[in-house]
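Novice: File my_file.pdb below, PDB, C-alpha atoms and all ligand atoms:
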```
ATOM      1  CA  MET A   1      84.791  84.297  95.926
ATOM      2  CA  ILE A   2      87.036  87.344  95.747
ATOM      3  CA  ASP A   3      84.668  89.078  98.203
ATOM      4  CA  GLN A   4      84.852  86.170 100.609
ATOM      5  CA  ILE A   5      88.654  86.148 100.483
ATOM      6  CA  ALA A   6      88.866  89.922 100.883
ATOM      7  CA  ALA A   7      86.555  89.687 103.917
ATOM      8  CA  THR A   8      88.538  86.791 105.391
ATOM      9  CA  LEU A   9      91.860  88.594 104.990
ATOM     10  CA  SER A  10      90.398  91.785 106.456
ATOM     11  CA  GLU A  11      88.822  90.063 109.466
ATOM     12  CA  GLN A  12      91.436  87.445 110.287
ATOM     13  CA  ASP A  13      95.087  87.776 111.228
ATOM     14  CA  GLY A  14      98.146  85.533 110.999
ATOM     15  CA  PHE A  15      98.835  84.385 107.450
ATOM     16  CA  VAL A  16     101.247  82.044 105.745
ATOM     17  CA  VAL A  17     101.830  82.801 102.068
ATOM     18  CA  VAL A  18     103.179  80.075  99.794
ATOM     19  CA  THR A  19     103.528  79.357  96.088
ATOM     20  CA  HIS A  20     104.633  76.600  93.702
ATOM     21  CA  VAL A  21     107.818  74.573  93.432
ATOM     22  CA  ASN A  22     110.466  76.169  91.154
ATOM     23  CA  PRO A  23     108.867  79.592  91.487
ATOM     24  CA  ASP A  24     108.812  81.915  88.465
ATOM     25  CA  GLY A  25     108.390  85.688  88.363
ATOM     26  CA  ASP A  26     104.645  85.506  88.847
ATOM     27  CA  ALA A  27     104.974  83.136  91.795
ATOM     28  CA  ILE A  28     107.620  85.290  93.496
ATOM     29  CA  GLY A  29     105.849  88.553  92.619
ATOM     30  CA  SER A  30     102.573  87.244  94.034
ATOM     31  CA  LEU A  31     104.225  85.864  97.158
ATOM     32  CA  LEU A  32     106.117  89.081  97.950
ATOM     33  CA  GLY A  33     103.308  91.412  96.887
ATOM     34  CA  MET A  34     100.839  89.637  99.156
ATOM     35  CA  LEU A  35     103.299  89.414 102.063
ATOM     36  CA  LEU A  36     104.273  93.101 101.934
ATOM     37  CA  ALA A  37     100.704  94.340 101.429
ATOM     38  CA  LEU A  38      99.431  92.300 104.394
ATOM     39  CA  LYS A  39     102.221  93.706 106.559
ATOM     40  CA  GLU A  40     101.531  97.253 105.374
ATOM     41  CA  MET A  41      97.939  96.698 106.460
ATOM     42  CA  GLY A  42      99.230  95.848 109.935
ATOM     43  CA  LYS A  43      98.733  92.093 109.630
ATOM     44  CA  THR A  44     101.023  89.350 110.865
ATOM     45  CA  ALA A  45     102.224  87.299 107.913
ATOM     46  CA  VAL A  46     105.114  85.153 106.750
ATOM     47  CA  ALA A  47     106.011  83.895 103.297
ATOM     48  CA  ALA A  48     107.892  80.677 102.653
ATOM     49  CA  LEU A  49     109.512  78.887  99.746
ATOM     50  CA  GLY A  50     110.501  75.234  99.525
ATOM     51  CA  ALA A  51     114.082  76.105  98.520
ATOM     52  CA  ASP A  52     116.482  79.058  98.581
ATOM     53  CA  PHE A  53     115.121  82.337  97.274
ATOM     54  CA  PRO A  54     115.973  82.535  93.547
ATOM     55  CA  GLN A  55     118.837  84.956  92.958
ATOM     56  CA  SER A  56     117.212  86.350  89.812
ATOM     57  CA  PHE A  57     114.426  87.935  91.879
ATOM     58  CA  ALA A  58     116.569  89.058  94.817
ATOM     59  CA  PHE A  59     116.239  92.685  93.634
ATOM     60  CA  LEU A  60     112.586  92.702  94.687
ATOM     61  CA  PRO A  61     111.553  94.290  97.995
ATOM     62  CA  GLY A  62     110.856  91.755 100.717
ATOM     63  CA  SER A  63     113.080  89.065  99.210
ATOM     64  CA  MET A  64     115.167  88.890 102.405
ATOM     65  CA  GLU A  65     112.064  88.215 104.503
ATOM     66  CA  VAL A  66     111.058  84.973 102.811
ATOM     67  CA  MET A  67     111.597  81.832 104.876
ATOM     68  CA  VAL A  68     113.028  78.635 103.442
ATOM     69  CA  GLY A  69     110.730  75.865 104.627
ATOM     70  CA  LEU A  70     108.243  76.322 107.421
ATOM     71  CA  GLY A  71     110.019  76.247 110.760
ATOM     72  CA  PRO A  72     108.448  77.743 113.874
ATOM     73  CA  ILE A  73     106.636  80.879 112.707
ATOM     74  CA  GLY A  74     105.788  82.270 116.140
ATOM     75  CA  PHE A  75     102.014  82.449 115.745
ATOM     76  CA  ASP A  76      99.019  80.229 115.003
ATOM     77  CA  PRO A  77      98.000  81.126 111.470
ATOM     78  CA  SER A  78      94.361  81.606 110.574
ATOM     79  CA  CYS A  79      94.920  81.037 106.845
ATOM     80  CA  VAL A  80      97.409  79.631 104.404
ATOM     81  CA  ILE A  81      97.350  81.574 101.131
ATOM     82  CA  ALA A  82      98.589  79.585  98.114
ATOM     83  CA  ILE A  83      99.099  81.745  95.021
ATOM     84  CA  ASP A  84      99.799  80.649  91.423
ATOM     85  CA  VAL A  85      99.732  76.944  92.356
ATOM     86  CA  ALA A  86      97.828  74.770  89.865
ATOM     87  CA  THR A  87      97.525  71.666  92.041
ATOM     88  CA  HIS A  88      97.692  71.049  95.788
ATOM     89  CA  ASP A  89     100.750  68.805  95.514
ATOM     90  CA  ARG A  90     102.749  71.617  93.892
ATOM     91  CA  ILE A  91     102.519  73.741  97.052
ATOM     92  CA  VAL A  92     105.902  74.080  98.758
ATOM     93  CA  PRO A  93     106.895  73.911 101.508
ATOM     94  CA  SER A  94     104.449  71.322 102.782
ATOM     95  CA  ILE A  95     101.640  73.068 104.634
ATOM     96  CA  THR A  96     100.345  69.974 106.406
ATOM     97  CA  ASP A  97     102.312  70.876 109.557
ATOM     98  CA  VAL A  98     101.006  74.434 109.739
ATOM     99  CA  GLY A  99      98.964  75.082 112.868
ATOM    100  CA  LYS A 100      95.681  73.304 113.453
ATOM    101  CA  ALA A 101      94.251  72.895 109.975
ATOM    102  CA  PRO A 102      93.924  76.567 109.060
ATOM    103  CA  CYS A 103      91.772  77.725 106.188
ATOM    104  CA  LEU A 104      93.419  77.295 102.781
ATOM    105  CA  ILE A 105      92.951  80.141 100.300
ATOM    106  CA  ASN A 106      93.702  79.276  96.670
ATOM    107  CA  ILE A 107      94.414  82.182  94.288
ATOM    108  CA  ASP A 108      95.383  81.165  90.772
ATOM    109  CA  HIS A 109      95.005  81.646  87.025
ATOM    110  CA  HIS A 110      95.838  78.120  85.808
ATOM    111  CA  PRO A 111      92.785  76.723  83.970
ATOM    112  CA  THR A 112      93.561  73.230  85.298
ATOM    113  CA  ASN A 113      93.324  74.345  88.950
ATOM    114  CA  PRO A 114      90.653  72.055  90.477
ATOM    115  CA  GLY A 115      89.818  74.475  93.307
ATOM    116  CA  TYR A 116      91.532  72.570  96.120
ATOM    117  CA  GLY A 117      91.245  75.446  98.612
ATOM    118  CA  ASP A 118      88.605  76.096 101.258
ATOM    119  CA  ILE A 119      88.066  79.367  99.430
ATOM    120  CA  ASN A 120      89.100  79.619  95.791
ATOM    121  CA  PHE A 121      89.701  82.615  93.554
ATOM    122  CA  ILE A 122      90.554  81.153  90.162
ATOM    123  CA  ARG A 123      90.368  83.150  86.987
ATOM    124  CA  PRO A 124      91.818  81.226  84.043
ATOM    125  CA  HIS A 125      91.981  84.232  81.723
ATOM    126  CA  ALA A 126      93.949  86.503  84.005
ATOM    127  CA  ASN A 127      97.380  87.330  82.562
ATOM    128  CA  SER A 128      99.097  86.664  85.855
ATOM    129  CA  SER A 129      98.348  85.705  89.435
ATOM    130  CA  THR A 130      99.691  89.101  90.503
ATOM    131  CA  GLN A 131      96.685  90.593  88.703
ATOM    132  CA  LEU A 132      94.398  88.602  91.004
ATOM    133  CA  VAL A 133      96.407  89.688  94.034
ATOM    134  CA  TYR A 134      96.027  93.298  92.883
ATOM    135  CA  GLU A 135      92.249  92.966  92.494
ATOM    136  CA  LEU A 136      91.949  91.335  95.885
ATOM    137  CA  LEU A 137      93.997  94.068  97.555
ATOM    138  CA  CYS A 138      91.842  96.726  95.857
ATOM    139  CA  LYS A 139      88.733  95.014  97.262
ATOM    140  CA  MET A 140      90.297  95.310 100.693
ATOM    141  CA  GLY A 141      90.701  99.046 100.196
ATOM    142  CA  TYR A 142      94.468  98.736 100.105
ATOM    143  CA  ASN A 143      96.435 101.699  98.771
ATOM    144  CA  LEU A 144      99.188 100.409  96.449
ATOM    145  CA  SER A 145     102.757 101.144  97.607
ATOM    146  CA  VAL A 146     105.819 101.315  95.343
ATOM    147  CA  ASP A 147     107.228  98.133  96.889
ATOM    148  CA  VAL A 148     104.100  96.055  96.344
ATOM    149  CA  ALA A 149     103.643  97.546  92.853
ATOM    150  CA  LYS A 150     107.172  96.426  91.879
ATOM    151  CA  CYS A 151     106.366  92.854  92.914
ATOM    152  CA  LEU A 152     102.996  92.739  91.159
ATOM    153  CA  TYR A 153     104.380  94.360  87.997
ATOM    154  CA  THR A 154     107.136  91.716  87.909
ATOM    155  CA  GLY A 155     104.530  88.949  87.761
ATOM    156  CA  LEU A 156     102.642  90.695  84.983
ATOM    157  CA  VAL A 157     105.785  91.293  82.909
ATOM    158  CA  THR A 158     107.126  87.745  83.292
ATOM    159  CA  ASP A 159     103.844  85.864  82.738
ATOM    160  CA  THR A 160     103.042  87.878  79.597
ATOM    161  CA  GLY A 161     106.605  87.487  78.243
ATOM    162  CA  CYS A 162     107.037  91.269  78.353
ATOM    163  CA  PHE A 163     103.525  91.726  76.945
ATOM    164  CA  LYS A 164     104.246  89.583  73.888
ATOM    165  CA  PHE A 165     102.325  86.390  74.713
ATOM    166  CA  SER A 166      98.715  85.822  73.689
ATOM    167  CA  GLY A 167      96.042  87.050  76.052
ATOM    168  CA  VAL A 168      97.489  90.556  76.252
ATOM    169  CA  THR A 169      94.644  93.037  75.860
ATOM    170  CA  SER A 170      93.932  96.670  76.545
ATOM    171  CA  GLN A 171      93.053  95.613  80.108
ATOM    172  CA  THR A 172      96.564  94.227  80.510
ATOM    173  CA  PHE A 173      98.049  97.604  79.720
ATOM    174  CA  GLN A 174      95.512  99.338  81.940
ATOM    175  CA  LEU A 175      96.667  97.128  84.780
ATOM    176  CA  ALA A 176     100.320  97.802  83.884
ATOM    177  CA  ALA A 177      99.581 101.542  84.027
ATOM    178  CA  LYS A 178      98.022 101.177  87.477
ATOM    179  CA  LEU A 179     101.013  99.185  88.723
ATOM    180  CA  LEU A 180     103.493 101.779  87.436
ATOM    181  CA  ALA A 181     101.461 104.703  88.754
ATOM    182  CA  PRO A 182     102.872 104.739  92.330
ATOM    183  CA  GLY A 183     106.264 105.574  90.802
ATOM    184  CA  VAL A 184     107.699 102.285  89.524
ATOM    185  CA  ASP A 185     110.235 102.580  86.675
ATOM    186  CA  SER A 186     109.425  99.830  84.172
ATOM    187  CA  TYR A 187     112.975  99.612  82.799
ATOM    188  CA  ASP A 188     114.300  99.279  86.334
ATOM    189  CA  ILE A 189     112.296  96.075  86.642
ATOM    190  CA  THR A 190     112.820  94.713  83.117
ATOM    191  CA  GLN A 191     116.551  95.406  83.234
ATOM    192  CA  SER A 192     116.834  93.511  86.519
ATOM    193  CA  LEU A 193     114.776  90.661  85.058
ATOM    194  CA  PHE A 194     116.227  90.331  81.554
ATOM    195  CA  GLU A 195     119.572  92.126  81.345
ATOM    196  CA  GLU A 196     121.247  90.845  84.472
ATOM    197  CA  LEU A 197     121.074  87.152  83.641
ATOM    198  CA  PRO A 198     123.768  84.894  85.028
ATOM    199  CA  LEU A 199     126.267  83.475  82.536
ATOM    200  CA  SER A 200     124.961  80.026  83.532
ATOM    201  CA  ARG A 201     121.673  80.871  81.847
ATOM    202  CA  LEU A 202     123.368  81.531  78.478
ATOM    203  CA  THR A 203     125.512  78.404  78.828
ATOM    204  CA  LEU A 204     122.423  76.317  79.557
ATOM    205  CA  GLU A 205     120.586  77.816  76.588
ATOM    206  CA  ARG A 206     123.519  77.071  74.289
ATOM    207  CA  LEU A 207     123.514  73.432  75.408
ATOM    208  CA  MET A 208     119.753  73.159  74.915
ATOM    209  CA  LEU A 209     120.041  74.566  71.380
ATOM    210  CA  GLU A 210     122.951  72.240  70.564
ATOM    211  CA  ARG A 211     120.741  69.254  71.399
ATOM    212  CA  LEU A 212     117.671  70.564  69.617
ATOM    213  CA  GLU A 213     115.821  68.203  67.274
ATOM    214  CA  PHE A 214     112.950  68.987  64.931
ATOM    215  CA  LEU A 215     110.374  66.171  64.830
ATOM    216  CA  LEU A 216     106.952  65.606  63.232
ATOM    217  CA  ASP A 217     107.739  67.557  60.047
ATOM    218  CA  GLY A 218     109.361  70.362  61.986
ATOM    219  CA  LYS A 219     106.285  70.992  64.120
ATOM    220  CA  LEU A 220     107.808  69.729  67.354
ATOM    221  CA  ALA A 221     111.094  71.224  68.570
ATOM    222  CA  LEU A 222     112.456  68.977  71.284
ATOM    223  CA  SER A 223     115.588  69.186  73.387
ATOM    224  CA  TYR A 224     116.847  67.747  76.641
ATOM    225  CA  LEU A 225     119.033  68.514  79.617
ATOM    226  CA  ASN A 226     120.169  66.403  82.543
ATOM    227  CA  ILE A 227     120.337  67.417  86.162
ATOM    228  CA  GLU A 228     124.109  66.920  85.833
ATOM    229  CA  ASP A 229     124.190  69.621  83.142
ATOM    230  CA  TYR A 230     122.621  72.071  85.552
ATOM    231  CA  LYS A 231     125.086  71.112  88.268
ATOM    232  CA  LYS A 232     128.098  71.356  85.948
ATOM    233  CA  ILE A 233     126.969  74.742  84.640
ATOM    234  CA  GLY A 234     125.869  75.946  88.061
ATOM    235  CA  ALA A 235     122.371  76.785  86.857
ATOM    236  CA  ALA A 236     119.194  76.669  88.930
ATOM    237  CA  LEU A 237     116.546  74.209  87.797
ATOM    238  CA  ASN A 238     113.982  76.959  87.188
ATOM    239  CA  GLU A 239     116.250  78.518  84.544
ATOM    240  CA  GLY A 240     114.947  75.795  82.224
ATOM    241  CA  GLU A 241     111.492  77.399  82.443
ATOM    242  CA  SER A 242     112.617  80.560  80.699
ATOM    243  CA  ILE A 243     114.926  79.129  78.039
ATOM    244  CA  VAL A 244     112.250  76.698  76.791
ATOM    245  CA  ASN A 245     110.448  79.632  75.155
ATOM    246  CA  ARG A 246     113.254  79.745  72.576
ATOM    247  CA  LEU A 247     112.073  76.386  71.249
ATOM    248  CA  ARG A 248     108.856  77.708  69.723
ATOM    249  CA  GLU A 249     110.459  80.742  68.064
ATOM    250  CA  THR A 250     111.115  78.984  64.759
ATOM    251  CA  ARG A 251     108.775  79.160  61.746
ATOM    252  CA  GLY A 252     106.679  76.002  61.360
ATOM    253  CA  VAL A 253     107.135  74.896  64.970
ATOM    254  CA  GLU A 254     103.871  74.391  66.866
ATOM    255  CA  VAL A 255     105.247  72.950  70.107
ATOM    256  CA  GLY A 256     108.570  73.316  71.889
ATOM    257  CA  GLY A 257     109.509  70.832  74.581
ATOM    258  CA  LEU A 258     112.395  70.627  77.013
ATOM    259  CA  ILE A 259     112.912  67.333  78.802
ATOM    260  CA  THR A 260     115.012  67.369  81.944
ATOM    261  CA  ALA A 261     116.206  64.095  83.434
ATOM    262  CA  LEU A 262     116.213  64.442  87.214
ATOM    263  CA  THR A 263     117.133  60.873  88.130
ATOM    264  CA  ASP A 264     117.092  57.556  86.257
ATOM    265  CA  ASN A 265     113.355  57.345  86.734
ATOM    266  CA  SER A 266     112.104  60.836  87.238
ATOM    267  CA  CYS A 267     111.794  63.490  84.691
ATOM    268  CA  LYS A 268     110.504  67.020  84.174
ATOM    269  CA  VAL A 269     109.089  68.347  80.918
ATOM    270  CA  SER A 270     108.328  71.949  79.974
ATOM    271  CA  LEU A 271     106.059  72.497  76.978
ATOM    272  CA  ARG A 272     105.342  75.646  74.975
ATOM    273  CA  SER A 273     102.826  76.000  72.159
ATOM    274  CA  LYS A 274     102.006  78.800  69.761
ATOM    275  CA  GLY A 275      98.357  78.184  70.570
ATOM    276  CA  ARG A 276      97.039  75.814  67.896
ATOM    277  CA  LEU A 277      97.766  72.891  70.209
ATOM    278  CA  ASP A 278      96.721  72.859  73.837
ATOM    279  CA  VAL A 279      99.818  71.682  75.694
ATOM    280  CA  SER A 280      97.993  71.679  79.052
ATOM    281  CA  SER A 281      95.813  68.831  77.760
ATOM    282  CA  ILE A 282      98.904  66.954  76.560
ATOM    283  CA  ALA A 283     100.570  67.579  79.927
ATOM    284  CA  SER A 284      97.533  66.465  81.921
ATOM    285  CA  GLN A 285      97.496  63.149  80.047
ATOM    286  CA  LEU A 286     101.022  62.630  81.363
ATOM    287  CA  GLY A 287     100.248  63.704  84.921
ATOM    288  CA  GLY A 288     101.040  67.408  84.556
ATOM    289  CA  GLY A 289      99.132  70.604  83.917
ATOM    290  CA  GLY A 290      99.327  74.271  83.024
ATOM    291  CA  HIS A 291      98.022  76.576  80.331
ATOM    292  CA  ARG A 292      97.151  76.127  76.662
ATOM    293  CA  ARG A 293     100.473  77.652  75.594
ATOM    294  CA  ALA A 294     102.661  76.740  78.567
ATOM    295  CA  ALA A 295     102.488  73.548  80.557
ATOM    296  CA  GLY A 296     104.682  71.192  82.520
ATOM    297  CA  ILE A 297     104.998  67.634  83.730
ATOM    298  CA  ASN A 298     106.831  66.188  86.717
ATOM    299  CA  SER A 299     106.871  62.471  86.229
ATOM    300  CA  SER A 300     108.270  59.428  87.953
ATOM    301  CA  THR A 301     108.550  57.798  84.545
ATOM    302  CA  GLY A 302     111.968  57.545  82.949
ATOM    303  CA  CYS A 303     112.733  60.175  80.325
ATOM    304  CA  GLN A 304     112.952  57.780  77.395
ATOM    305  CA  SER A 305     109.455  56.355  77.743
ATOM    306  CA  LEU A 306     108.011  59.759  78.607
ATOM    307  CA  ARG A 307     109.628  61.175  75.467
ATOM    308  CA  VAL A 308     108.011  58.477  73.319
ATOM    309  CA  LYS A 309     104.573  59.097  74.854
ATOM    310  CA  LEU A 310     104.996  62.845  74.498
ATOM    311  CA  ILE A 311     105.797  62.612  70.779
ATOM    312  CA  GLU A 312     102.764  60.346  70.281
ATOM    313  CA  LEU A 313     100.459  62.772  72.062
ATOM    314  CA  VAL A 314     101.782  65.783  70.142
ATOM    315  CA  GLU A 315     101.317  63.859  66.894
ATOM    316  CA  LYS A 316      97.740  62.968  67.845
ATOM    317  CA  SER A 317      96.973  66.573  68.761
ATOM    318  CA  LEU A 318      98.420  67.767  65.447
ATOM    319  CA  GLU A 319      96.148  65.320  63.601
ATOM    320  CA  ASN A 320      93.153  66.611  65.569
ATOM    321  CA  VAL A 321      93.792  70.262  64.784
ATOM    322  CA  SER A 322      94.412  69.641  61.067
ATOM    323  CA  ALA A 323      91.364  67.344  60.783
TER     324      ALA A 323
HETATM  325 MN    MN B 401     101.441  82.514  86.858
END
```
Mind turning the file's structure into structure tokens?
Ligand SMILES: [Mn+2]
Specialist:
Amino acid sequence: MIDQIAATLSEQDGFVVVTHVNPDGDAIGSLLGMLLALKEMGKTAVAALGADFPQSFAFLPGSMEVMVGLGPIGFDPSCVIAIDVATHDRIVPSITDVGKAPCLINIDHHPTNPGYGDINFIRPHANSSTQLVYELLCKMGYNLSVDVAKCLYTGLVTDTGCFKFSGVTSQTFQLAAKLLAPGVDSYDITQSLFEELPLSRLTLERLMLERLEFLLDGKLALSYLNIEDYKKIGAALNEGESIVNRLRETRGVEVGGLITALTDNSCKVSLRSKGRLDVSSIASQLGGGGHRRAAGINSSTGCQSLRVKLIELVEKSLENVSA
């Protein structure tokens, strides 16, 4: 499938690059890396997000070029390229209005991705989607620039938790070496990502830790935030995605969960596991998806009943792994 996508991108012109709602470093790195590489290859391409470009990634090259929503793009696209998007309904902005039903290319590393594209390049064991973008660009004979390398390296660093999550192998570091080779300074990127955090992030984290509860004999660390908390603090909703990792840092904890109440009857849950439990299977039973160690749910169920179901499912999974 990678060959088919490489051929399509080489032969066609006019591309729209999109990613998932609440984009993380891998989503943004993939989006920008693909956009800039296509342009460097002389292609016409635009990239769009469903909401304002996240400030935390504004240091990346190309960040000013990303559209918010899909207004008139000035050309009839041949393909929409969705990267790092586990399910079709998580693609933002909506691509239904784009041109006359262009070909949809789906590039992703989420194991739950059903292959909703016309052409799919899904590799569940890849550390990041930027890795897949890199491989695809190599297939196209593309010569990596510093700008594109910065974007792709960002996705690798963020999706591996600075190379500390499971799944990091010698290949991961070989890829990192290739991405740094054009002249990217690793600390330049990691400092921008992890040492320039807004105060709102720390304030949000403090609130999450204040409300932390240990359930199921200390195996489930659960906390909650409300959309009003984010507003009061001035934090972006995707900041919850990074602070939730704190919840599994304690000895004895198998699963960390952060519940965010969006409205009275809609709710978002972020789950992290140390690996004994598969939180993507728990999430998919509640209408979400993701990876074994990191998964999420966007639900139109109220938080209280979702919380009860979540605890039940975690308890069941704990019984299954100890049985
Ligand atoms: Mn990813």
Novice: Against ligand MN 401 (chain B), which residues of chain A fall within 6 Å? For each one I want the closest pair of atoms and the distance in Å (one decimal), counting all atoms listed in the file, rows by chain and increasing residue number, as a Markdown table.
Specialist:
```
| residue | atom | partner | partner_atom | distance |
| --- | --- | --- | --- | --- |
| A:Asp26 | CA | B:MN401 | MN | 4.8 |
| A:Asp84 | CA | B:MN401 | MN | 5.2 |
| A:Ser128 | CA | B:MN401 | MN | 4.9 |
| A:Ser129 | CA | B:MN401 | MN | 5.1 |
| A:Asp159 | CA | B:MN401 | MN | 5.8 |
```
Novice: Apply the PyMOL selection byres (((chain A and resi 199) around 12) and not hetatm) to the file shown and report the selected residues as a ChimeraX atom specification.
Specialist: /A:56,195-198,200-206,233-236,239
Novice: Go ahead and write the residues just picked, C-alpha atoms, as an mmCIF file, keeping the file's coordinate frame.
Specialist:
```cif
data_model
loop_
_atom_site.group_PDB
_atom_site.id
_atom_site.type_symbol
_atom_site.label_atom_id
_atom_site.label_comp_id
_atom_site.auth_asym_id
_atom_site.auth_seq_id
_atom_site.Cartn_x
_atom_site.Cartn_y
_atom_site.Cartn_z
ATOM 1 C CA SER A 56 117.212 86.350 89.812
ATOM 2 C CA GLU A 195 119.572 92.126 81.345
ATOM 3 C CA GLU A 196 121.247 90.845 84.472
ATOM 4 C CA LEU A 197 121.074 87.152 83.641
ATOM 5 C CA PRO A 198 123.768 84.894 85.028
ATOM 6 C CA SER A 200 124.961 80.026 83.532
ATOM 7 C CA ARG A 201 121.673 80.871 81.847
ATOM 8 C CA LEU A 202 123.368 81.531 78.478
ATOM 9 C CA THR A 203 125.512 78.404 78.828
ATOM 10 C CA LEU A 204 122.423 76.317 79.557
ATOM 11 C CA GLU A 205 120.586 77.816 76.588
ATOM 12 C CA ARG A 206 123.519 77.071 74.289
ATOM 13 C CA ILE A 233 126.969 74.742 84.640
ATOM 14 C CA GLY A 234 125.869 75.946 88.061
ATOM 15 C CA ALA A 235 122.371 76.785 86.857
ATOM 16 C CA ALA A 236 119.194 76.669 88.930
ATOM 17 C CA GLU A 239 116.250 78.518 84.544
#
```
Novice: Just want the 10 Å neighbourhood of range 69-78 of chain A, counted on only C-alpha atoms, with same-chain residues fewer than 5 positions away dropped. Output as a list in words.
Specialist: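 After dropping sequence-adjacent residues, the list is Thr8, Leu9, Gln12, Asp13, Gly14, Phe15, Val16, Val18, Thr44, Ala45, Val46, Ala47, Ala48, Leu49, Gly50, Ala51, Asp52, Val92, Pro93, Ser94, Ile95, Asp97, Val98, Gly99, Lys100, Ala101, Pro102, Cys103 and Leu104 of chain A.
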Novice: Taking the file above as input, evaluate the PyMOL selection byres (((chain A and resi 283) around 12) and not hetatm) and report the hits as a PDB file with C-alpha atoms, in the frame of the given file.
Specialist:
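Writing done, so here's selection-v9.pdb:
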```
ATOM      1  CA  THR A 112      93.561  73.230  85.298  1.00  0.00           C
ATOM      2  CA  GLY A 257     109.509  70.832  74.581  1.00  0.00           C
ATOM      3  CA  LYS A 268     110.504  67.020  84.174  1.00  0.00           C
ATOM      4  CA  VAL A 269     109.089  68.347  80.918  1.00  0.00           C
ATOM      5  CA  SER A 270     108.328  71.949  79.974  1.00  0.00           C
ATOM      6  CA  LEU A 271     106.059  72.497  76.978  1.00  0.00           C
ATOM      7  CA  ARG A 272     105.342  75.646  74.975  1.00  0.00           C
ATOM      8  CA  SER A 273     102.826  76.000  72.159  1.00  0.00           C
ATOM      9  CA  LEU A 277      97.766  72.891  70.209  1.00  0.00           C
ATOM     10  CA  ASP A 278      96.721  72.859  73.837  1.00  0.00           C
ATOM     11  CA  VAL A 279      99.818  71.682  75.694  1.00  0.00           C
ATOM     12  CA  SER A 280      97.993  71.679  79.052  1.00  0.00           C
ATOM     13  CA  SER A 281      95.813  68.831  77.760  1.00  0.00           C
ATOM     14  CA  ILE A 282      98.904  66.954  76.560  1.00  0.00           C
ATOM     15  CA  SER A 284      97.533  66.465  81.921  1.00  0.00           C
ATOM     16  CA  GLN A 285      97.496  63.149  80.047  1.00  0.00           C
ATOM     17  CA  LEU A 286     101.022  62.630  81.363  1.00  0.00           C
ATOM     18  CA  GLY A 287     100.248  63.704  84.921  1.00  0.00           C
ATOM     19  CA  GLY A 288     101.040  67.408  84.556  1.00  0.00           C
ATOM     20  CA  GLY A 289      99.132  70.604  83.917  1.00  0.00           C
ATOM     21  CA  GLY A 290      99.327  74.271  83.024  1.00  0.00           C
ATOM     22  CA  HIS A 291      98.022  76.576  80.331  1.00  0.00           C
ATOM     23  CA  ARG A 292      97.151  76.127  76.662  1.00  0.00           C
ATOM     24  CA  ARG A 293     100.473  77.652  75.594  1.00  0.00           C
ATOM     25  CA  ALA A 294     102.661  76.740  78.567  1.00  0.00           C
ATOM     26  CA  ALA A 295     102.488  73.548  80.557  1.00  0.00           C
ATOM     27  CA  GLY A 296     104.682  71.192  82.520  1.00  0.00           C
ATOM     28  CA  ILE A 297     104.998  67.634  83.730  1.00  0.00           C
ATOM     29  CA  ASN A 298     106.831  66.188  86.717  1.00  0.00           C
ATOM     30  CA  SER A 299     106.871  62.471  86.229  1.00  0.00           C
ATOM     31  CA  LEU A 306     108.011  59.759  78.607  1.00  0.00           C
ATOM     32  CA  ARG A 307     109.628  61.175  75.467  1.00  0.00           C
ATOM     33  CA  LYS A 309     104.573  59.097  74.854  1.00  0.00           C
ATOM     34  CA  LEU A 310     104.996  62.845  74.498  1.00  0.00           C
ATOM     35  CA  ILE A 311     105.797  62.612  70.779  1.00  0.00           C
ATOM     36  CA  LEU A 313     100.459  62.772  72.062  1.00  0.00           C
ATOM     37  CA  VAL A 314     101.782  65.783  70.142  1.00  0.00           C
ATOM     38  CA  SER A 317      96.973  66.573  68.761  1.00  0.00           C
TER      39      SER A 317
END
```
Novice: Counting all atoms listed in the file, which residue out of A:Gln304, A:Asn106, A:Asn113, A:Thr130 sits closest to Gly25 in chain A?
Specialist: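 Among the listed residues, A:Thr130 lies closest to Gly25 in chain A.
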Novice: So, with only C-alpha atoms as the atoms that count, which of A:Thr19, A:Thr172, A:Gln55, A:Ser186 lies closest to Asp108 in chain A?
Specialist: A:Thr19
Novice: So what do you get for CA of Asn127 in chain A versus CA of Ile83 in chain A, distance-wise?
Specialist: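 Taking CA of Asn127 in chain A and CA of Ile83 in chain A, their separation equals 13.8 Å.
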